$ cat data-v5.pdb   # PDB, C-alpha atoms, pLDDT in the B column
ATOM      1  CA  MET A  13       6.065   2.727-227.747  1.00 54.00           C
ATOM      2  CA  THR A  14       3.434   0.060-228.346  1.00 62.00           C
ATOM      3  CA  ASP A  15      -0.028   0.208-226.784  1.00 63.00           C
ATOM      4  CA  SER A  16       0.833  -2.577-224.325  1.00 65.00           C
ATOM      5  CA  GLU A  17       4.054  -0.799-223.313  1.00 62.00           C
ATOM      6  CA  LEU A  18       2.090   2.417-222.849  1.00 58.00           C
ATOM      7  CA  ASP A  19      -0.515   0.626-220.702  1.00 64.00           C
ATOM      8  CA  ARG A  20       2.204  -0.921-218.498  1.00 61.00           C
ATOM      9  CA  PHE A  21       3.831   2.502-218.156  1.00 56.00           C
ATOM     10  CA  ARG A  22       0.540   4.175-217.246  1.00 57.00           C
ATOM     11  CA  ALA A  23      -0.124   1.548-214.591  1.00 62.00           C
ATOM     12  CA  GLY A  24       3.125   2.447-212.815  1.00 58.00           C
ATOM     13  CA  VAL A  25       2.884   6.241-213.021  1.00 55.00           C
ATOM     14  CA  GLU A  26       0.261   8.327-211.305  1.00 61.00           C
ATOM     15  CA  GLU A  27       0.422  11.515-213.405  1.00 63.00           C
ATOM     16  CA  PRO A  28       2.670  11.053-216.445  1.00 77.00           C
ATOM     17  CA  VAL A  29       3.882  13.728-218.802  1.00 84.00           C
ATOM     18  CA  PHE A  30       5.111  12.394-222.121  1.00 82.00           C
ATOM     19  CA  LEU A  31       8.234  13.972-223.586  1.00 83.00           C
ATOM     20  CA  TYR A  32       8.904  13.827-227.297  1.00 83.00           C
ATOM     21  CA  HIS A  33      12.441  14.740-228.334  1.00 83.00           C
ATOM     22  CA  HIS A  34      13.399  15.863-231.805  1.00 79.00           C
ATOM     23  CA  ASP A  35      16.543  17.777-232.696  1.00 77.00           C
ATOM     24  CA  GLY A  36      15.591  21.084-234.259  1.00 70.00           C
ATOM     25  CA  ALA A  37      17.929  21.575-237.178  1.00 63.00           C
ATOM     26  CA  PRO A  38      17.023  22.337-239.787  1.00 67.00           C
ATOM     27  CA  PRO A  39      13.623  23.805-238.796  1.00 70.00           C
ATOM     28  CA  ALA A  40      12.259  23.153-242.295  1.00 76.00           C
ATOM     29  CA  LYS A  41      12.594  19.414-241.609  1.00 79.00           C
ATOM     30  CA  SER A  42      11.842  19.278-237.885  1.00 78.00           C
ATOM     31  CA  GLY A  43       8.837  21.620-237.953  1.00 82.00           C
ATOM     32  CA  PRO A  44       6.582  19.326-240.024  1.00 87.00           C
ATOM     33  CA  VAL A  45       7.603  16.267-237.969  1.00 85.00           C
ATOM     34  CA  LEU A  46       6.747  18.039-234.726  1.00 83.00           C
ATOM     35  CA  GLU A  47       3.446  19.314-236.088  1.00 88.00           C
ATOM     36  CA  ARG A  48       2.476  15.779-237.155  1.00 88.00           C
ATOM     37  CA  MET A  49       3.347  14.498-233.677  1.00 86.00           C
ATOM     38  CA  ARG A  50       1.304  17.229-231.969  1.00 87.00           C
ATOM     39  CA  GLN A  51      -1.643  16.614-234.300  1.00 90.00           C
ATOM     40  CA  THR A  52      -1.509  12.868-233.717  1.00 89.00           C
ATOM     41  CA  TRP A  53      -1.412  13.447-229.976  1.00 87.00           C
ATOM     42  CA  ARG A  54      -4.368  15.874-230.084  1.00 88.00           C
ATOM     43  CA  THR A  55      -6.524  13.449-232.075  1.00 89.00           C
ATOM     44  CA  SER A  56      -5.575  10.408-229.985  1.00 86.00           C
ATOM     45  CA  ASP A  57      -7.238   9.215-226.809  1.00 84.00           C
ATOM     46  CA  PHE A  58      -4.153  10.056-224.742  1.00 82.00           C
ATOM     47  CA  GLU A  59      -5.044  12.085-221.680  1.00 82.00           C
ATOM     48  CA  GLU A  60      -1.487  12.818-220.626  1.00 84.00           C
ATOM     49  CA  PRO A  61       0.065  16.127-221.620  1.00 89.00           C
ATOM     50  CA  LEU A  62       2.652  16.011-224.388  1.00 88.00           C
ATOM     51  CA  VAL A  63       5.741  18.175-224.042  1.00 89.00           C
ATOM     52  CA  VAL A  64       8.122  18.386-226.974  1.00 84.00           C
ATOM     53  CA  VAL A  65      11.834  18.875-226.367  1.00 83.00           C
ATOM     54  CA  VAL A  66      13.309  20.672-229.346  1.00 79.00           C
ATOM     55  CA  PRO A  67      16.842  22.019-229.101  1.00 81.00           C
ATOM     56  CA  MET A  68      17.852  24.403-231.862  1.00 78.00           C
ATOM     57  CA  ARG A  69      20.274  21.832-233.274  1.00 78.00           C
ATOM     58  CA  GLU A  70      21.177  19.097-230.786  1.00 84.00           C
ATOM     59  CA  THR A  71      20.528  18.568-227.102  1.00 85.00           C
ATOM     60  CA  GLU A  72      24.291  18.312-226.581  1.00 88.00           C
ATOM     61  CA  ALA A  73      24.432  22.096-226.993  1.00 89.00           C
ATOM     62  CA  TRP A  74      22.663  22.377-223.637  1.00 90.00           C
ATOM     63  CA  LEU A  75      25.673  20.658-222.037  1.00 90.00           C
ATOM     64  CA  LEU A  76      27.789  23.637-223.051  1.00 93.00           C
ATOM     65  CA  ALA A  77      25.571  26.276-221.418  1.00 94.00           C
ATOM     66  CA  ASP A  78      27.171  26.223-217.950  1.00 94.00           C
ATOM     67  CA  GLN A  79      30.948  26.673-218.043  1.00 93.00           C
ATOM     68  CA  ALA A  80      31.312  25.991-214.307  1.00 95.00           C
ATOM     69  CA  ALA A  81      29.620  22.602-214.758  1.00 95.00           C
ATOM     70  CA  LEU A  82      31.982  21.839-217.645  1.00 95.00           C
ATOM     71  CA  VAL A  83      35.021  22.680-215.514  1.00 95.00           C
ATOM     72  CA  ARG A  84      33.797  20.393-212.714  1.00 95.00           C
ATOM     73  CA  ALA A  85      32.962  17.525-215.075  1.00 95.00           C
ATOM     74  CA  LEU A  86      36.294  17.793-216.883  1.00 95.00           C
ATOM     75  CA  ASN A  87      38.133  18.080-213.560  1.00 93.00           C
ATOM     76  CA  VAL A  88      40.174  21.088-214.688  1.00 94.00           C
ATOM     77  CA  ARG A  89      40.862  24.471-213.041  1.00 93.00           C
ATOM     78  CA  LYS A  90      39.614  26.421-216.038  1.00 92.00           C
ATOM     79  CA  LEU A  91      38.943  25.869-219.692  1.00 92.00           C
ATOM     80  CA  GLY A  92      41.841  26.707-221.986  1.00 90.00           C
ATOM     81  CA  ARG A  93      39.500  27.587-224.812  1.00 85.00           C
ATOM     82  CA  ALA A  94      35.969  28.086-223.589  1.00 82.00           C
ATOM     83  CA  PRO A  95      33.151  27.152-225.956  1.00 85.00           C
ATOM     84  CA  ALA A  96      30.089  29.339-226.439  1.00 86.00           C
ATOM     85  CA  SER A  97      27.918  29.483-223.340  1.00 83.00           C
ATOM     86  CA  GLY A  98      24.485  30.657-222.283  1.00 83.00           C
ATOM     87  CA  SER A  99      22.199  31.573-225.168  1.00 86.00           C
ATOM     88  CA  GLU A 100      25.156  31.400-227.588  1.00 90.00           C
ATOM     89  CA  VAL A 101      25.213  27.572-227.461  1.00 91.00           C
ATOM     90  CA  GLU A 102      22.303  27.416-229.883  1.00 88.00           C
ATOM     91  CA  SER A 103      24.495  28.953-232.580  1.00 88.00           C
ATOM     92  CA  CYS A 104      27.068  26.176-232.221  1.00 89.00           C
ATOM     93  CA  PRO A 105      27.009  24.307-235.563  1.00 89.00           C
ATOM     94  CA  ASP A 106      28.221  20.962-234.124  1.00 91.00           C
ATOM     95  CA  PRO A 107      27.817  20.626-230.346  1.00 91.00           C
ATOM     96  CA  LYS A 108      28.874  16.957-230.385  1.00 92.00           C
ATOM     97  CA  ALA A 109      32.201  17.912-231.952  1.00 94.00           C
ATOM     98  CA  VAL A 110      32.696  20.639-229.326  1.00 93.00           C
ATOM     99  CA  VAL A 111      32.049  18.112-226.541  1.00 94.00           C
ATOM    100  CA  GLU A 112      34.553  15.706-228.108  1.00 95.00           C
ATOM    101  CA  THR A 113      37.136  18.490-228.424  1.00 94.00           C
ATOM    102  CA  LEU A 114      36.653  19.486-224.774  1.00 94.00           C
ATOM    103  CA  LEU A 115      37.142  15.921-223.616  1.00 95.00           C
ATOM    104  CA  ARG A 116      40.214  15.389-225.780  1.00 96.00           C
ATOM    105  CA  ASP A 117      41.949  18.774-225.478  1.00 95.00           C
ATOM    106  CA  GLU A 118      40.940  19.928-221.997  1.00 94.00           C
ATOM    107  CA  ALA A 119      40.896  16.634-220.095  1.00 94.00           C
ATOM    108  CA  GLY A 120      43.079  14.358-222.229  1.00 95.00           C
ATOM    109  CA  MET A 121      40.277  11.828-222.657  1.00 95.00           C
ATOM    110  CA  ASN A 122      39.359   9.784-225.690  1.00 95.00           C
ATOM    111  CA  PRO A 123      35.683  10.577-226.395  1.00 94.00           C
ATOM    112  CA  LYS A 124      35.430   7.465-228.594  1.00 95.00           C
ATOM    113  CA  LYS A 125      36.352   5.188-225.687  1.00 96.00           C
ATOM    114  CA  ASN A 126      33.446   3.261-224.193  1.00 95.00           C
ATOM    115  CA  GLY A 127      31.772   5.116-221.323  1.00 93.00           C
ATOM    116  CA  VAL A 128      33.689   8.403-221.638  1.00 94.00           C
ATOM    117  CA  LEU A 129      30.765  10.429-223.003  1.00 93.00           C
ATOM    118  CA  ARG A 130      28.333   9.033-220.444  1.00 92.00           C
ATOM    119  CA  ASN A 131      30.794   9.694-217.638  1.00 94.00           C
ATOM    120  CA  PHE A 132      30.987  13.283-218.865  1.00 95.00           C
ATOM    121  CA  TYR A 133      27.283  13.873-219.545  1.00 94.00           C
ATOM    122  CA  VAL A 134      26.111  12.746-216.111  1.00 94.00           C
ATOM    123  CA  PRO A 135      28.224  15.135-213.984  1.00 95.00           C
ATOM    124  CA  VAL A 136      27.562  18.036-216.365  1.00 95.00           C
ATOM    125  CA  ALA A 137      23.820  17.408-216.083  1.00 93.00           C
ATOM    126  CA  GLU A 138      24.027  17.022-212.300  1.00 94.00           C
ATOM    127  CA  ASN A 139      26.010  20.253-211.869  1.00 95.00           C
ATOM    128  CA  ALA A 140      24.512  22.499-214.545  1.00 95.00           C
ATOM    129  CA  GLY A 141      22.740  25.469-213.043  1.00 94.00           C
ATOM    130  CA  ILE A 142      19.110  25.890-214.041  1.00 94.00           C
ATOM    131  CA  ALA A 143      19.659  29.655-214.278  1.00 94.00           C
ATOM    132  CA  GLU A 144      22.409  29.076-216.858  1.00 94.00           C
ATOM    133  CA  LEU A 145      20.338  26.550-218.795  1.00 94.00           C
ATOM    134  CA  ARG A 146      17.353  28.898-218.875  1.00 94.00           C
ATOM    135  CA  LYS A 147      19.490  31.385-220.828  1.00 94.00           C
ATOM    136  CA  VAL A 148      19.237  28.931-223.740  1.00 92.00           C
ATOM    137  CA  PRO A 149      15.989  29.775-225.578  1.00 90.00           C
ATOM    138  CA  ALA A 150      15.088  26.170-226.476  1.00 88.00           C
ATOM    139  CA  PHE A 151      15.674  25.038-222.887  1.00 91.00           C
ATOM    140  CA  GLN A 152      13.576  27.963-221.623  1.00 93.00           C
ATOM    141  CA  GLN A 153      10.759  26.890-223.960  1.00 91.00           C
ATOM    142  CA  TRP A 154      10.953  23.307-222.665  1.00 91.00           C
ATOM    143  CA  TRP A 155      10.994  24.644-219.084  1.00 93.00           C
ATOM    144  CA  ASN A 156       7.861  26.733-219.698  1.00 93.00           C
ATOM    145  CA  ASP A 157       6.083  23.847-221.435  1.00 92.00           C
ATOM    146  CA  MET A 158       6.895  21.494-218.530  1.00 91.00           C
ATOM    147  CA  ILE A 159       5.586  23.998-215.986  1.00 92.00           C
ATOM    148  CA  GLU A 160       2.378  24.375-217.992  1.00 91.00           C
ATOM    149  CA  ALA A 161       1.949  20.577-218.279  1.00 90.00           C
ATOM    150  CA  LEU A 162       2.602  19.987-214.580  1.00 88.00           C
ATOM    151  CA  GLU A 163       0.340  22.834-213.500  1.00 90.00           C
ATOM    152  CA  GLY A 164      -2.350  21.317-215.736  1.00 87.00           C
ATOM    153  CA  LEU A 165      -1.987  18.162-213.631  1.00 84.00           C
ATOM    154  CA  GLY A 166      -2.467  20.157-210.439  1.00 85.00           C
ATOM    155  CA  TYR A 167       1.145  20.704-209.423  1.00 84.00           C
ATOM    156  CA  GLN A 168       2.249  24.148-208.317  1.00 84.00           C
ATOM    157  CA  HIS A 169       5.391  25.917-209.483  1.00 75.00           C
ATOM    158  CA  GLY A 170       7.284  28.492-207.505  1.00 70.00           C
TER     159      GLY A 170
END
$ encode --input "data-v5.pdb" --output "structure tokens"
Amino acid sequence: MTDSELDRFRAGVEEPVFLYHHDGAPPAKSGPVLERMRQTWRTSDFEEPLVVVVPMRETEAWLLADQAALVRALNVRKLGRAPASGSEVESCPDPKAVVETLLRDEAGMNPKKNGVLRNFYVPVAENAGIAELRKVPAFQQWWNDMIEALEGLGYQHG
């Protein structure tokens, strides 16, 4: 984001929180990148809180956390072969491949077809239970960091 884009954004938002996303795997590569980002933010003149979003591997793993949301989004009665769920999703080596397999094998959809992934992601995100997502350690960390940032801006949680 350029300085002029940032200024235009700030003008339209009363109390922004900036999110920085970086997939977490492998930690040896993502850790230094995130530390550089945090250091840059701390030494900048930005007043807004920075919250990093760091899934263990890929954010797509979070889509797998709530099996009921998957069933609704796929429009099936139950999953024939359920993927890992809850905290286990972070151990999934390739969440994108699991999502593609679910779409293809469970719902008969072509995940490569234009719009299919988006039309799957949106209802999963809309229906995923926060309680299920909070079982995922990286999501729980993001949740805690967001609460801290928002409370620092004067918002109350709970």
$ atom_distance --input "data-v5.pdb" --atom1 "atom CA of Tyr32 of chain A" --atom2 "atom CA of Leu62 of chain A"
7.2 Å
$ closest_residue --input "data-v5.pdb" --among "A:Val101, A:Met68, A:Ala119, A:Val110" --to "Arg89 of chain A" --atoms "all atoms listed in the file"
A:Ala119
$ atom_distance --input "data-v5.pdb" --atom1 "atom CA of Arg146 of chain A" --atom2 "atom CA of Ser99 of chain A"
8.4 Å
$ atom_distance --input "data-v5.pdb" --atom1 "atom CA of Met121 of chain A" --atom2 "atom CA of Pro105 of chain A"
22.3 Å
$ resolve_selection --input "data-v5.pdb" --expression "the PyMOL selection byres ((chain A and resi 84) around 12)" --output "list in words"
Asp78, Gln79, Ala80, Ala81, Leu82, Val83, Ala85, Leu86, Asn87, Val88, Arg89, Lys90, Leu91, Glu118, Ala119, Phe132, Tyr133, Val134, Pro135, Val136, Ala137, Glu138, Asn139 and Ala140 of chain A
$ residues_around --input "data-v5.pdb" --residues "Lys125 of chain A" --least-positions-apart "5" --cutoff "12 Å" --atoms "all atoms listed in the file" --output "list in words"
Glu112, Leu115, Arg116, Gly120, Arg130, Asn131 and Phe132 of chain A
$ closest_residue --input "data-v5.pdb" --among "A:Leu31, A:Val64, A:Ala77, A:Leu162" --to "Ala143 of chain A" --atoms "all atoms listed in the file"
A:Ala77
$ axis_aligned_box --input "data-v5.pdb" --around "segment 42-59 of chain A" --padding-each-side "5 Å" --output "lines of an AutoDock Vina configuration file"
center_x = 2.3
center_y = 15.4
center_z = -230.9
size_x = 29.1
size_y = 22.4
size_z = 28.3
$ resolve_selection --input "data-v5.pdb" --expression "the PyMOL selection byres ((chain A and resi 152) around 12)" --output "MDAnalysis selection string"
chainID A and resid 65:68 74 98:99 142:151 153:159
$ closest_residue --input "data-v5.pdb" --among "A:Val111, A:Ala94, A:Val63, A:Val45" --to "Leu75 of chain A" --atoms "all atoms listed in the file"
A:Val111
$ closest_residue --input "data-v5.pdb" --among "A:Asn122, A:Gln168, A:Thr55, A:Thr71" --to "Asp106 of chain A" --atoms "all atoms listed in the file"
A:Thr71
$ decode --input "data-v5.pdb" --residues "segment 110-121 of chain A" --atoms "N, CA, C and O atoms" --output "tab-separated table (two decimals), in the first residue's frame"
chain	number	residue	atom	x	y	z
A	110	VAL	N	-7.05	-30.47	-0.09
A	110	VAL	CA	-8.20	-31.06	0.62
A	110	VAL	C	-9.48	-30.36	0.19
A	110	VAL	O	-10.50	-31.02	-0.06
A	111	VAL	N	-9.45	-29.04	0.09
A	111	VAL	CA	-10.63	-28.29	-0.35
A	111	VAL	C	-11.02	-28.73	-1.75
A	111	VAL	O	-12.20	-28.98	-2.04
A	112	GLU	N	-10.04	-28.84	-2.65
A	112	GLU	CA	-10.34	-29.28	-4.02
A	112	GLU	C	-10.93	-30.68	-4.05
A	112	GLU	O	-11.88	-30.95	-4.80
A	113	THR	N	-10.41	-31.57	-3.22
A	113	THR	CA	-10.92	-32.94	-3.15
A	113	THR	C	-12.36	-32.94	-2.63
A	113	THR	O	-13.22	-33.67	-3.16
A	114	LEU	N	-12.64	-32.15	-1.62
A	114	LEU	CA	-14.01	-32.06	-1.09
A	114	LEU	C	-14.98	-31.60	-2.17
A	114	LEU	O	-16.05	-32.18	-2.35
A	115	LEU	N	-14.59	-30.55	-2.88
A	115	LEU	CA	-15.47	-30.04	-3.93
A	115	LEU	C	-15.70	-31.08	-5.02
A	115	LEU	O	-16.84	-31.29	-5.45
A	116	ARG	N	-14.66	-31.73	-5.43
A	116	ARG	CA	-14.75	-32.71	-6.52
A	116	ARG	C	-15.48	-33.99	-6.08
A	116	ARG	O	-16.44	-34.43	-6.71
A	117	ASP	N	-15.03	-34.58	-4.95
A	117	ASP	CA	-15.53	-35.89	-4.56
A	117	ASP	C	-16.84	-35.85	-3.79
A	117	ASP	O	-17.65	-36.76	-3.90
A	118	GLU	N	-17.03	-34.83	-2.97
A	118	GLU	CA	-18.24	-34.75	-2.15
A	118	GLU	C	-19.40	-34.06	-2.87
A	118	GLU	O	-20.55	-34.42	-2.67
A	119	ALA	N	-19.08	-33.04	-3.67
A	119	ALA	CA	-20.15	-32.26	-4.29
A	119	ALA	C	-20.17	-32.35	-5.81
A	119	ALA	O	-21.05	-31.77	-6.45
A	120	GLY	N	-19.23	-33.09	-6.39
A	120	GLY	CA	-19.21	-33.24	-7.85
A	120	GLY	C	-18.91	-31.96	-8.59
A	120	GLY	O	-19.35	-31.77	-9.72
A	121	MET	N	-18.17	-31.06	-7.97
A	121	MET	CA	-17.84	-29.78	-8.60
A	121	MET	C	-16.41	-29.79	-9.11
A	121	MET	O	-15.56	-30.50	-8.58
